[in-house]
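Shown here: coords.tsv, TSV, C-alpha atoms.
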chain	number	residue	atom	x	y	z
A	70	MET	CA	13.77	-130.57	-157.52
A	71	TRP	CA	14.45	-132.87	-154.58
A	72	SER	CA	16.25	-135.38	-156.76
A	73	VAL	CA	18.73	-132.74	-157.94
A	74	SER	CA	22.30	-133.15	-156.72
A	75	ASP	CA	23.65	-130.83	-154.02
A	76	GLU	CA	25.98	-129.23	-156.58
A	77	ALA	CA	23.19	-128.50	-159.02
A	78	LEU	CA	21.09	-127.05	-156.24
A	79	LEU	CA	23.92	-124.78	-155.15
A	80	ALA	CA	24.31	-123.58	-158.72
A	81	GLY	CA	20.58	-122.98	-158.95
A	82	LEU	CA	20.87	-120.91	-155.79
A	83	ALA	CA	23.70	-118.90	-157.34
A	84	SER	CA	21.68	-118.22	-160.44
A	85	GLY	CA	18.85	-116.72	-158.43
A	86	GLU	CA	16.40	-119.53	-159.18
A	87	PRO	CA	13.83	-119.09	-156.36
A	88	ASP	CA	12.90	-122.79	-156.22
A	89	ALA	CA	16.55	-123.71	-155.89
A	90	ALA	CA	16.94	-121.35	-152.93
A	91	VAL	CA	13.98	-122.91	-151.14
A	92	ALA	CA	15.19	-126.45	-151.83
A	93	PHE	CA	18.75	-125.59	-150.83
A	94	VAL	CA	17.71	-124.09	-147.48
A	95	ARG	CA	15.36	-126.99	-146.76
A	96	ARG	CA	17.98	-129.56	-147.56
A	97	PHE	CA	20.71	-128.13	-145.34
A	98	GLN	CA	19.02	-126.11	-142.60
A	99	ARG	CA	19.04	-128.88	-139.98
A	100	ARG	CA	22.75	-129.46	-140.48
A	101	VAL	CA	23.70	-125.79	-140.57
A	102	TYR	CA	21.55	-124.78	-137.63
A	103	GLY	CA	22.53	-127.96	-135.76
A	104	LEU	CA	26.24	-127.21	-136.03
A	105	ALA	CA	25.73	-123.55	-135.04
A	106	MET	CA	23.51	-124.52	-132.11
A	107	THR	CA	25.94	-127.16	-130.88
A	108	MET	CA	28.81	-124.71	-130.96
A	109	LEU	CA	26.96	-121.70	-129.51
A	110	SER	CA	24.28	-123.23	-127.24
A	111	ASP	CA	22.13	-120.17	-127.89
A	112	SER	CA	19.24	-120.32	-130.32
A	113	ALA	CA	19.26	-116.61	-131.27
A	114	ALA	CA	23.02	-116.61	-131.92
A	115	ALA	CA	22.75	-119.91	-133.77
A	116	GLU	CA	20.05	-118.52	-136.04
A	117	ASP	CA	22.15	-115.44	-136.83
A	118	VAL	CA	25.07	-117.66	-137.78
A	119	ALA	CA	22.91	-120.07	-139.78
A	120	GLN	CA	21.28	-117.21	-141.71
A	121	GLU	CA	24.63	-115.65	-142.46
A	122	ALA	CA	25.99	-119.05	-143.57
A	123	PHE	CA	23.22	-119.40	-146.16
A	124	ALA	CA	23.74	-115.81	-147.31
A	125	ARG	CA	27.46	-116.43	-147.79
A	126	ALA	CA	26.87	-119.72	-149.54
A	127	TRP	CA	24.59	-117.90	-151.90
A	128	ARG	CA	27.08	-115.09	-152.51
A	129	HIS	CA	30.02	-117.40	-153.03
A	130	ALA	CA	28.30	-120.30	-154.75
A	131	GLY	CA	30.16	-119.49	-157.95
A	132	ALA	CA	33.48	-120.06	-156.22
A	133	PHE	CA	32.53	-123.51	-154.97
A	134	ASP	CA	34.93	-126.13	-156.35
A	135	PRO	CA	33.37	-129.60	-156.38
A	136	ARG	CA	36.79	-131.25	-156.72
A	137	ARG	CA	37.65	-130.13	-153.21
A	138	GLY	CA	34.74	-131.84	-151.52
A	139	PRO	CA	30.98	-132.07	-151.21
A	140	VAL	CA	28.66	-129.08	-150.88
A	141	ALA	CA	27.63	-130.06	-147.35
A	142	THR	CA	31.16	-129.93	-145.94
A	143	TRP	CA	31.81	-126.61	-147.70
A	144	LEU	CA	28.63	-125.14	-146.21
A	145	LEU	CA	29.41	-126.57	-142.78
A	146	ALA	CA	32.93	-125.14	-142.88
A	147	ILE	CA	31.42	-121.70	-143.59
A	148	THR	CA	29.05	-122.23	-140.66
A	149	ARG	CA	31.83	-123.33	-138.34
A	150	ASN	CA	33.97	-120.30	-139.20
A	151	LEU	CA	31.07	-117.93	-138.56
A	152	ALA	CA	30.32	-119.64	-135.25
A	153	ILE	CA	33.97	-119.35	-134.22
A	154	ASP	CA	33.79	-115.62	-134.99
A	155	ALA	CA	30.59	-115.30	-132.96
A	156	LEU	CA	32.24	-117.06	-130.04
A	157	ARG	CA	35.21	-114.71	-130.18
A	158	MET	CA	32.88	-111.71	-130.24
A	159	ARG	CA	31.15	-112.71	-127.06
A	160	ARG	CA	34.47	-113.57	-125.45
A	161	ALA	CA	33.03	-116.36	-123.41
A	162	ASP	CA	35.04	-119.44	-122.83
A	163	PRO	CA	32.77	-121.55	-124.86
A	164	VAL	CA	34.71	-124.62	-125.67
A	165	ASP	CA	32.91	-127.58	-124.32
A	166	PRO	CA	34.23	-130.57	-126.20
A	167	GLU	CA	31.84	-132.73	-124.20
A	168	THR	CA	29.02	-131.32	-126.30
A	169	PHE	CA	30.53	-132.95	-129.32
A	170	LEU	CA	31.64	-136.17	-127.72
A	171	ALA	CA	28.24	-137.57	-128.49
A	172	LEU	CA	28.73	-136.76	-132.16
A	173	GLN	CA	25.91	-138.22	-134.12
A	174	ALA	CA	26.10	-141.68	-135.47
A	175	PRO	CA	24.90	-141.27	-139.02
A	176	ALA	CA	21.46	-142.73	-139.55
A	177	LYS	CA	21.59	-146.13	-141.23
A	178	ASP	CA	18.80	-145.22	-143.57
A	179	ARG	CA	19.82	-141.95	-145.11
A	180	GLY	CA	17.56	-140.06	-147.44
A	181	PRO	CA	18.51	-139.21	-150.99
A	182	GLU	CA	19.05	-135.62	-149.89
A	183	ASP	CA	21.97	-136.58	-147.71
A	184	HIS	CA	25.11	-136.60	-149.80
A	185	ALA	CA	27.44	-135.11	-147.23
A	186	MET	CA	29.65	-138.18	-147.16
A	187	ALA	CA	29.27	-141.66	-148.45
A	188	GLY	CA	27.31	-143.52	-145.76
A	189	ASP	CA	30.10	-146.01	-145.13
A	190	ASP	CA	32.65	-143.25	-144.68
A	191	ALA	CA	30.54	-141.45	-142.11
A	192	HIS	CA	30.05	-144.70	-140.19
A	193	ARG	CA	33.75	-145.48	-140.25
A	194	LEU	CA	34.65	-141.99	-139.13
A	195	HIS	CA	32.16	-142.13	-136.31
A	196	ALA	CA	33.36	-145.57	-135.19
A	197	ALA	CA	37.01	-144.49	-135.31
A	198	LEU	CA	36.18	-141.36	-133.31
A	199	ALA	CA	34.52	-143.45	-130.61
A	200	LEU	CA	37.68	-145.58	-130.31
A	201	LEU	CA	40.00	-142.61	-129.70
A	202	PRO	CA	41.37	-142.10	-126.21
A	203	GLU	CA	39.36	-139.33	-124.59
A	204	GLU	CA	42.19	-136.79	-124.49
A	205	GLN	CA	42.79	-137.22	-128.22
A	206	ARG	CA	39.10	-136.86	-129.01
A	207	ARG	CA	38.91	-133.68	-126.94
A	208	ALA	CA	41.92	-132.22	-128.70
A	209	LEU	CA	40.49	-133.11	-132.10
A	210	VAL	CA	37.07	-131.61	-131.33
A	211	MET	CA	38.64	-128.38	-130.11
A	212	ALA	CA	40.73	-128.15	-133.27
A	213	ALA	CA	38.20	-129.30	-135.87
A	214	PHE	CA	35.11	-127.51	-134.54
A	215	TYR	CA	36.48	-124.57	-132.59
A	216	GLY	CA	39.58	-123.84	-134.64
A	217	ARG	CA	41.77	-123.96	-131.55
A	218	SER	CA	45.50	-124.12	-132.23
A	219	ALA	CA	47.75	-126.71	-130.63
A	220	ARG	CA	49.06	-123.99	-128.30
A	221	GLU	CA	45.56	-123.03	-127.14
A	222	ILE	CA	44.63	-126.67	-126.64
A	223	GLY	CA	47.80	-127.23	-124.62
A	224	GLU	CA	46.88	-124.28	-122.40
A	225	SER	CA	43.29	-125.29	-121.80
A	226	GLU	CA	44.19	-128.94	-121.24
A	227	HIS	CA	47.20	-128.04	-119.08
A	228	VAL	CA	49.66	-130.05	-121.15
A	229	PRO	CA	52.85	-129.04	-122.99
A	230	LEU	CA	52.58	-127.88	-126.61
A	231	GLY	CA	54.30	-131.03	-127.86
A	232	THR	CA	51.72	-133.22	-126.12
A	233	ALA	CA	48.83	-131.25	-127.62
A	234	LYS	CA	50.37	-131.59	-131.09
A	235	THR	CA	50.84	-135.33	-130.63
A	236	ARG	CA	47.24	-135.78	-129.53
A	237	ILE	CA	45.92	-133.94	-132.57
A	238	ARG	CA	48.23	-135.79	-134.93
A	239	SER	CA	47.51	-139.25	-133.49
A	240	ALA	CA	43.77	-138.65	-133.63
A	241	MET	CA	43.84	-137.38	-137.21
A	242	ILE	CA	45.99	-140.24	-138.45
A	243	LYS	CA	43.74	-142.85	-136.87
A	244	LEU	CA	40.67	-141.33	-138.47
A	245	ARG	CA	42.43	-140.90	-141.80
A	246	ASN	CA	43.46	-144.57	-141.71
A	247	ALA	CA	39.91	-145.63	-140.93
A	248	LEU	CA	38.74	-143.89	-144.12
A	249	GLN	CA	41.75	-145.05	-146.12
A	250	VAL	CA	41.08	-148.73	-145.38
A	251	GLU	CA	37.69	-148.32	-146.91
A	252	ASP	CA	39.18	-146.74	-150.04
A	253	ASP	CA	41.81	-149.46	-150.40
A	254	GLU	CA	39.16	-152.16	-150.16
A	255	ARG	CA	37.17	-150.42	-152.85
A	256	ASP	CA	40.16	-150.26	-155.15
A	257	VAL	CA	40.87	-154.02	-154.94
B	260	MET	CA	60.26	-139.88	-148.52
B	261	ASN	CA	63.09	-137.49	-147.63
B	262	GLU	CA	63.78	-135.54	-144.49
B	263	THR	CA	61.66	-132.57	-145.56
B	264	CYS	CA	58.75	-134.93	-146.22
B	265	GLU	CA	59.06	-136.36	-142.74
B	266	GLN	CA	59.09	-132.89	-141.21
B	267	THR	CA	56.13	-131.84	-143.31
B	268	ARG	CA	54.11	-134.95	-142.42
B	269	GLU	CA	54.31	-133.89	-138.78
B	270	LEU	CA	52.59	-130.63	-139.68
B	271	LEU	CA	49.95	-131.89	-142.09
B	272	PRO	CA	47.24	-132.86	-139.56
B	273	GLU	CA	47.23	-129.32	-138.14
B	274	LEU	CA	47.36	-127.83	-141.63
B	275	ALA	CA	44.35	-129.94	-142.68
B	276	LEU	CA	42.44	-128.73	-139.62
B	277	GLY	CA	43.27	-125.13	-140.51
B	278	ILE	CA	44.98	-124.45	-137.19
B	279	LEU	CA	48.58	-124.25	-138.33
B	280	GLY	CA	50.02	-120.76	-138.42
B	281	GLY	CA	53.17	-118.75	-138.89
B	282	GLU	CA	56.43	-120.24	-140.07
B	283	ASP	CA	55.26	-123.83	-139.78
B	284	ARG	CA	52.43	-123.14	-142.17
B	285	ALA	CA	54.67	-121.34	-144.65
B	286	ARG	CA	57.23	-124.14	-144.52
B	287	ALA	CA	54.60	-126.83	-145.07
B	288	LEU	CA	52.98	-125.00	-147.97
B	289	ASP	CA	56.37	-124.40	-149.55
B	290	HIS	CA	57.15	-128.11	-149.48
B	291	LEU	CA	53.69	-129.08	-150.72
B	292	THR	CA	54.01	-127.13	-153.95
B	293	GLY	CA	56.69	-129.56	-155.10
B	294	CYS	CA	55.66	-132.85	-153.47
B	295	THR	CA	52.73	-134.85	-154.79
B	296	ASP	CA	53.02	-137.55	-152.08
B	297	CYS	CA	52.64	-135.05	-149.28
B	298	SER	CA	49.88	-133.26	-151.22
B	299	SER	CA	47.81	-136.40	-151.47
B	300	GLU	CA	48.39	-137.07	-147.78
B	301	LEU	CA	47.09	-133.55	-147.08
B	302	ALA	CA	44.07	-134.21	-149.28
B	303	ALA	CA	43.23	-137.37	-147.31
B	304	LEU	CA	43.62	-135.54	-144.00
B	305	SER	CA	41.51	-132.61	-145.21
B	306	GLN	CA	38.77	-134.98	-146.25
B	307	THR	CA	38.91	-136.45	-142.74
B	308	ALA	CA	38.72	-133.02	-141.10
B	309	ASP	CA	35.78	-131.99	-143.30
B	310	GLY	CA	34.02	-135.28	-142.66
B	311	LEU	CA	34.03	-134.54	-138.95
B	312	LEU	CA	31.79	-131.52	-139.51
B	313	THR	CA	29.13	-133.73	-141.03
B	314	LEU	CA	28.94	-135.72	-137.80
B	315	ALA	CA	27.73	-132.71	-135.82
B	316	PRO	CA	24.23	-133.16	-134.42
B	317	GLN	CA	21.40	-131.95	-136.62
B	318	HIS	CA	18.84	-129.61	-135.13
B	319	GLU	CA	15.45	-128.41	-136.31
B	320	PRO	CA	15.73	-124.61	-136.63
B	321	PRO	CA	13.15	-122.33	-134.93
B	322	ALA	CA	9.78	-121.85	-136.61
B	323	GLY	CA	9.96	-119.44	-139.52
B	324	PHE	CA	13.69	-119.86	-140.08
B	325	GLU	CA	13.32	-120.86	-143.71
B	326	GLY	CA	11.16	-117.82	-144.48
B	327	ARG	CA	13.59	-115.45	-142.78
B	328	VAL	CA	16.57	-116.83	-144.70
B	329	LEU	CA	14.76	-116.61	-148.02
B	330	ALA	CA	13.60	-113.05	-147.29
B	331	ARG	CA	17.18	-112.12	-146.58
B	332	LEU	CA	18.41	-113.64	-149.84
B	333	ARG	CA	15.71	-111.74	-151.71
B	334	ARG	CA	16.76	-108.48	-150.09
B	335	GLU	CA	20.38	-108.98	-151.04
B	336	ARG	CA	19.70	-110.14	-154.56
B	337	PRO	CA	19.89	-106.91	-156.62
B	338	ARG	CA	23.49	-106.35	-155.70
B	339	HIS	CA	24.51	-109.71	-157.08
B	340	ARG	CA	22.18	-109.95	-159.99
B	341	ALA	CA	24.74	-109.01	-162.59
B	342	ARG	CA	27.41	-111.37	-161.37
B	343	ARG	CA	28.71	-113.67	-164.04
B	344	PHE	CA	28.50	-117.12	-162.65
B	345	THR	CA	30.91	-119.86	-163.56
B	346	ALA	CA	30.54	-122.40	-166.28
B	347	PHE	CA	29.90	-125.06	-163.72
B	348	ALA	CA	27.18	-123.04	-162.08
B	349	ALA	CA	25.56	-122.29	-165.42
B	350	ALA	CA	25.51	-125.89	-166.51
B	351	ALA	CA	24.34	-127.15	-163.16
B	352	ALA	CA	21.67	-124.50	-162.93
B	353	LEU	CA	20.45	-125.68	-166.28
B	354	ILE	CA	20.27	-129.20	-164.92
B	355	ALA	CA	18.35	-128.04	-161.87
B	356	PHE	CA	16.03	-126.21	-164.19
B	357	VAL	CA	15.59	-129.15	-166.54
B	358	ALA	CA	15.14	-131.63	-163.71
B	359	ALA	CA	12.53	-129.40	-162.12
B	360	GLY	CA	10.78	-129.05	-165.43
B	361	ALA	CA	10.89	-132.69	-166.48
B	362	VAL	CA	7.12	-132.84	-166.91
B	363	TRP	CA	7.08	-129.60	-168.82
B	364	MET	CA	9.93	-130.93	-170.97
B	365	GLY	CA	7.81	-133.91	-171.85
B	366	THR	CA	5.34	-131.60	-173.51
B	367	GLY	CA	8.11	-130.59	-175.89
B	368	ASN	CA	7.96	-126.84	-175.49
B	369	ASP	CA	11.02	-126.42	-177.66
B	370	ARG	CA	10.83	-122.70	-178.08
B	371	LYS	CA	10.95	-122.05	-174.37
B	372	LEU	CA	13.82	-124.46	-173.97
B	373	ALA	CA	15.70	-122.85	-176.83
B	374	SER	CA	15.40	-119.41	-175.28
B	375	TYR	CA	16.69	-120.82	-172.03
B	376	TYR	CA	19.71	-122.33	-173.77
B	377	GLU	CA	20.28	-119.01	-175.42
B	378	ALA	CA	20.31	-117.25	-172.06
B	379	VAL	CA	22.82	-119.71	-170.71
B	380	LEU	CA	24.98	-119.44	-173.80
B	381	LYS	CA	24.97	-115.68	-173.43
B	382	VAL	CA	26.22	-116.02	-169.89
B	383	GLN	CA	29.02	-118.17	-171.23
B	384	HIS	CA	29.75	-115.71	-174.03
B	385	GLY	CA	28.43	-118.25	-176.42
B	386	LYS	CA	31.55	-120.11	-177.45
B	387	GLU	CA	32.47	-122.99	-175.31
B	388	PHE	CA	29.17	-124.20	-174.01
B	389	ALA	CA	27.14	-126.71	-176.03
B	390	ALA	CA	23.91	-128.53	-175.37
B	391	ALA	CA	22.28	-131.37	-177.26
B	392	ALA	CA	19.18	-133.50	-176.95
B	393	LEU	CA	19.72	-137.22	-176.40
B	394	GLU	CA	17.22	-139.54	-178.05
B	395	THR	CA	16.40	-143.21	-177.79
B	396	PRO	CA	16.68	-145.27	-181.03
B	397	ASP	CA	12.92	-144.75	-181.45
B	398	HIS	CA	13.36	-140.99	-181.06
B	399	ILE	CA	12.05	-140.42	-177.56
B	400	GLY	CA	13.57	-137.16	-176.36
B	401	GLY	CA	13.67	-135.55	-172.93
B	402	SER	CA	17.30	-136.33	-172.12
B	403	GLU	CA	20.07	-133.81	-172.51
B	404	VAL	CA	23.80	-133.44	-172.53
B	405	PHE	CA	25.67	-130.23	-171.76
B	406	THR	CA	29.35	-129.76	-172.43
B	407	TYR	CA	31.66	-126.95	-171.49
B	408	ASP	CA	35.12	-126.54	-172.93
B	409	GLY	CA	37.38	-124.75	-170.51
B	410	SER	CA	39.74	-125.48	-167.70
B	411	PRO	CA	38.46	-127.68	-166.41
B	412	SER	CA	36.05	-128.94	-169.04
B	413	TRP	CA	32.71	-130.23	-167.86
B	414	VAL	CA	30.06	-132.64	-169.01
B	415	PHE	CA	26.54	-132.96	-167.65
B	416	VAL	CA	24.02	-135.53	-168.63
B	417	VAL	CA	20.37	-135.51	-167.64
B	418	VAL	CA	18.46	-138.69	-168.43
B	419	HIS	CA	14.70	-138.72	-168.62
B	420	ALA	CA	13.81	-141.74	-170.70
B	421	PRO	CA	12.07	-145.11	-170.45
B	422	LEU	CA	15.18	-147.03	-169.37
B	423	SER	CA	15.33	-149.79	-166.79
B	424	ASP	CA	17.05	-149.03	-163.48
B	425	GLY	CA	20.79	-149.43	-163.58
B	426	ILE	CA	24.17	-147.90	-164.32
B	427	TYR	CA	24.75	-146.65	-167.85
B	428	ASN	CA	28.08	-145.69	-169.37
B	429	ILE	CA	28.50	-142.33	-171.03
B	430	GLU	CA	30.73	-142.16	-174.08
B	431	ALA	CA	31.57	-139.43	-176.55
B	432	THR	CA	33.15	-139.22	-179.94
B	433	VAL	CA	35.99	-136.73	-179.58
B	434	ASP	CA	38.04	-135.97	-182.69
B	435	GLY	CA	36.69	-139.18	-184.17
B	436	ALA	CA	37.77	-141.39	-181.26
B	437	SER	CA	35.52	-142.95	-178.65
B	438	VAL	CA	36.11	-141.63	-175.14
B	439	HIS	CA	34.58	-142.85	-171.88
B	440	LEU	CA	33.24	-139.90	-169.89
B	441	GLY	CA	31.53	-141.42	-166.89
B	442	ALA	CA	28.49	-143.36	-165.78
B	443	VAL	CA	24.97	-142.32	-164.89
B	444	ARG	CA	22.70	-144.14	-162.48
B	445	VAL	CA	19.15	-144.30	-163.74
B	446	ALA	CA	16.25	-145.01	-161.42
B	447	ARG	CA	12.59	-144.86	-162.44
B	448	GLY	CA	13.62	-143.43	-165.78
B	449	VAL	CA	15.60	-140.48	-164.45
B	450	GLY	CA	19.19	-139.81	-163.56
B	451	ASP	CA	21.85	-137.15	-163.83
B	452	TRP	CA	25.60	-137.14	-163.90
B	453	GLY	CA	28.18	-134.43	-164.17
B	454	GLY	CA	31.90	-134.12	-163.82
B	455	THR	CA	35.11	-132.75	-165.14
B	456	THR	CA	36.85	-134.34	-168.08
B	457	THR	CA	40.21	-134.06	-169.79
B	458	ALA	CA	38.60	-134.82	-173.15
B	459	LYS	CA	38.48	-131.85	-175.50
B	460	MET	CA	34.85	-130.77	-175.28
B	461	SER	CA	35.09	-128.42	-178.24
B	462	ALA	CA	35.81	-131.49	-180.39
B	463	VAL	CA	32.88	-133.64	-179.21
B	464	SER	CA	30.67	-134.63	-182.12
B	465	GLU	CA	28.42	-137.20	-180.49
B	466	VAL	CA	27.46	-138.39	-177.00
B	467	ARG	CA	26.11	-141.88	-176.34
B	468	ILE	CA	24.61	-143.60	-173.32
B	469	LEU	CA	25.19	-147.36	-173.27
B	470	ASP	CA	23.46	-150.07	-171.28
B	471	PRO	CA	25.47	-152.83	-169.52
B	472	ALA	CA	25.28	-154.94	-172.70
B	473	ARG	CA	26.89	-151.97	-174.52
B	474	GLN	CA	23.83	-151.29	-176.60
B	475	ILE	CA	23.30	-147.60	-177.36
B	476	VAL	CA	20.14	-146.50	-175.55
B	477	LEU	CA	20.50	-142.75	-176.03
B	478	ARG	CA	22.39	-140.74	-178.59
B	479	GLY	CA	22.82	-137.09	-179.37
B	480	VAL	CA	24.74	-135.05	-181.92
B	481	VAL	CA	26.59	-132.08	-180.45
B	482	ARG	CA	26.87	-129.03	-182.65
B	483	HIS	CA	29.36	-126.31	-181.92
B	484	GLU	CA	28.57	-122.79	-182.97

Is it possible to express this structure as structure tokens?
Amino acid sequence: MWSVSDEALLAGLASGEPDAAVAFVRRFQRRVYGLAMTMLSDSAAAEDVAQEAFARAWRHAGAFDPRRGPVATWLLAITRNLAIDALRMRRADPVDPETFLALQAPAKDRGPEDHAMAGDDAHRLHAALALLPEEQRRALVMAAFYGRSAREIGESEHVPLGTAKTRIRSAMIKLRNALQVEDDERDV
Amino acid sequence: MNETCEQTRELLPELALGILGGEDRARALDHLTGCTDCSSELAALSQTADGLLTLAPQHEPPAGFEGRVLARLRRERPRHRARRFTAFAAAAALIAFVAAGAVWMGTGNDRKLASYYEAVLKVQHGKEFAAAALETPDHIGGSEVFTYDGSPSWVFVVVHAPLSDGIYNIEATVDGASVHLGAVRVARGVGDWGGTTTAKMSAVSEVRILDPARQIVLRGVVRHE
């Protein structure tokens, strides 16, 4: 079961195969809970979100489209959206981009269960992120993880809307280029 | 790249991050429906945005988390039991099932396997889904191919055979012509591959797995009901 691809596991989950459900939860729980915990800094709230994320993945597994990206990013996007909702509910001002500034460098030796991104891509993304000017990295983290709009980022960073937009755009294009270089090299 | 492209490009990073709203979003989406260049730029940016999520720190959940999640899924199950799952899910579930039961497969319990195929075919309303055993030239079974004819069409191959480690090409005979479908990586005698294809799966008559020297190592005849 452990050698099964993420996609096959997700489908097994959808079909109600009990072994698939166990394997699916085991494979992704550290990522799902980790993202929820990092965003919420509260273990009870993080567990609620993580549980709900697995329940939704299970309910919507049939709608998963592998052409749009890997299972892990789909599941993490579900988790992020639930965590954003949870943050809104408790109306705290939760956004602490610093929490994410130490975003994990992907382990060099990744297990077969880790298909979230090709290892090289994750390394490139992480390296490119580390090279961003701090204000761009903060803007990107607030947008990508907390779903903050350019206007909200401008307000919390005390900069004009245009500046917030430029920061987000510059950061995204640098990271995109870092991944693109890799693809171009592969194509040659 | 025209003026509209340039304006759209400015908006794409925010669109990819899912934080673009209102008129800007509508304008960008409107342009994207007719512009493949901007669409592929959006795809690259979306991949970047999604990739960021995978860099979030991993955390061991509290003790008992796994059990609580599974209990919750069990509780919710009856409501969803009757849902018709997609072709992809059906085929992939079959792979999960076959991969999990590789040892059991080796014992050649054909009747049980046949009833499982039948169940899957029923889910698919029996027409467009086909499964076939793949055998080595000396008739060692245990490998399978599954095809689904739809939009998109799918092919899944599960290898469980005494092959040396390496990458093997997957070919099919479609309407009498040879078509390359993909490649499967085999390690310690097992491997699986699946993907979409533009080849007409309802017209597949044979599937072959070839080694790097283009020798056929596995072959199966696909029968359509």

| message | One number please: CA of Ala431 in chain B to CA of Ser402 in chain B, in Å, one decimal. | response |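 Interatomic distance, CA of Ala431 in chain B to CA of Ser402 in chain B: 15.3 Å.
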
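With all atoms listed in the file as the basis for measurement, A:Asp190 is the residue among A:Glu203, A:Asp111, A:Glu224, A:Asp190 that approaches chain B most closely.
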
Problem - For range 410-426 of chain B: contacts at 7 Å, only C-alpha atoms, fewer than 3 positions along chain excluded, given as a list in words - result: Ile354, Gly401, Ser402, Glu403, Val404, Phe405, Thr406, Tyr407, Ala442, Val443, Arg444, Val445, Ala446, Arg447, Gly448, Val449, Gly450, Asp451, Trp452, Gly453, Gly454, Thr455, Thr456, Thr457 and Met460 of chain B

Task: Nearest to chain B, chosen from A:Lys243, A:Arg96, A:Arg238, A:His129, with only C-alpha atoms counted in the distances - done: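 Using only C-alpha atoms, the shortest distance to chain B belongs to A:Arg238.
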
inquiry  = So the first atom is CA of Ser225 in chain A and the second is CA of Glu300 in chain B; what is the distance between them in Å, to one decimal place?
reply    =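 So the answer is 29.0 Å.
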
For chain A, the closest of B:Ala390, B:Ala462, B:Ala322, B:Leu279 counting only C-alpha atoms is B:Leu279
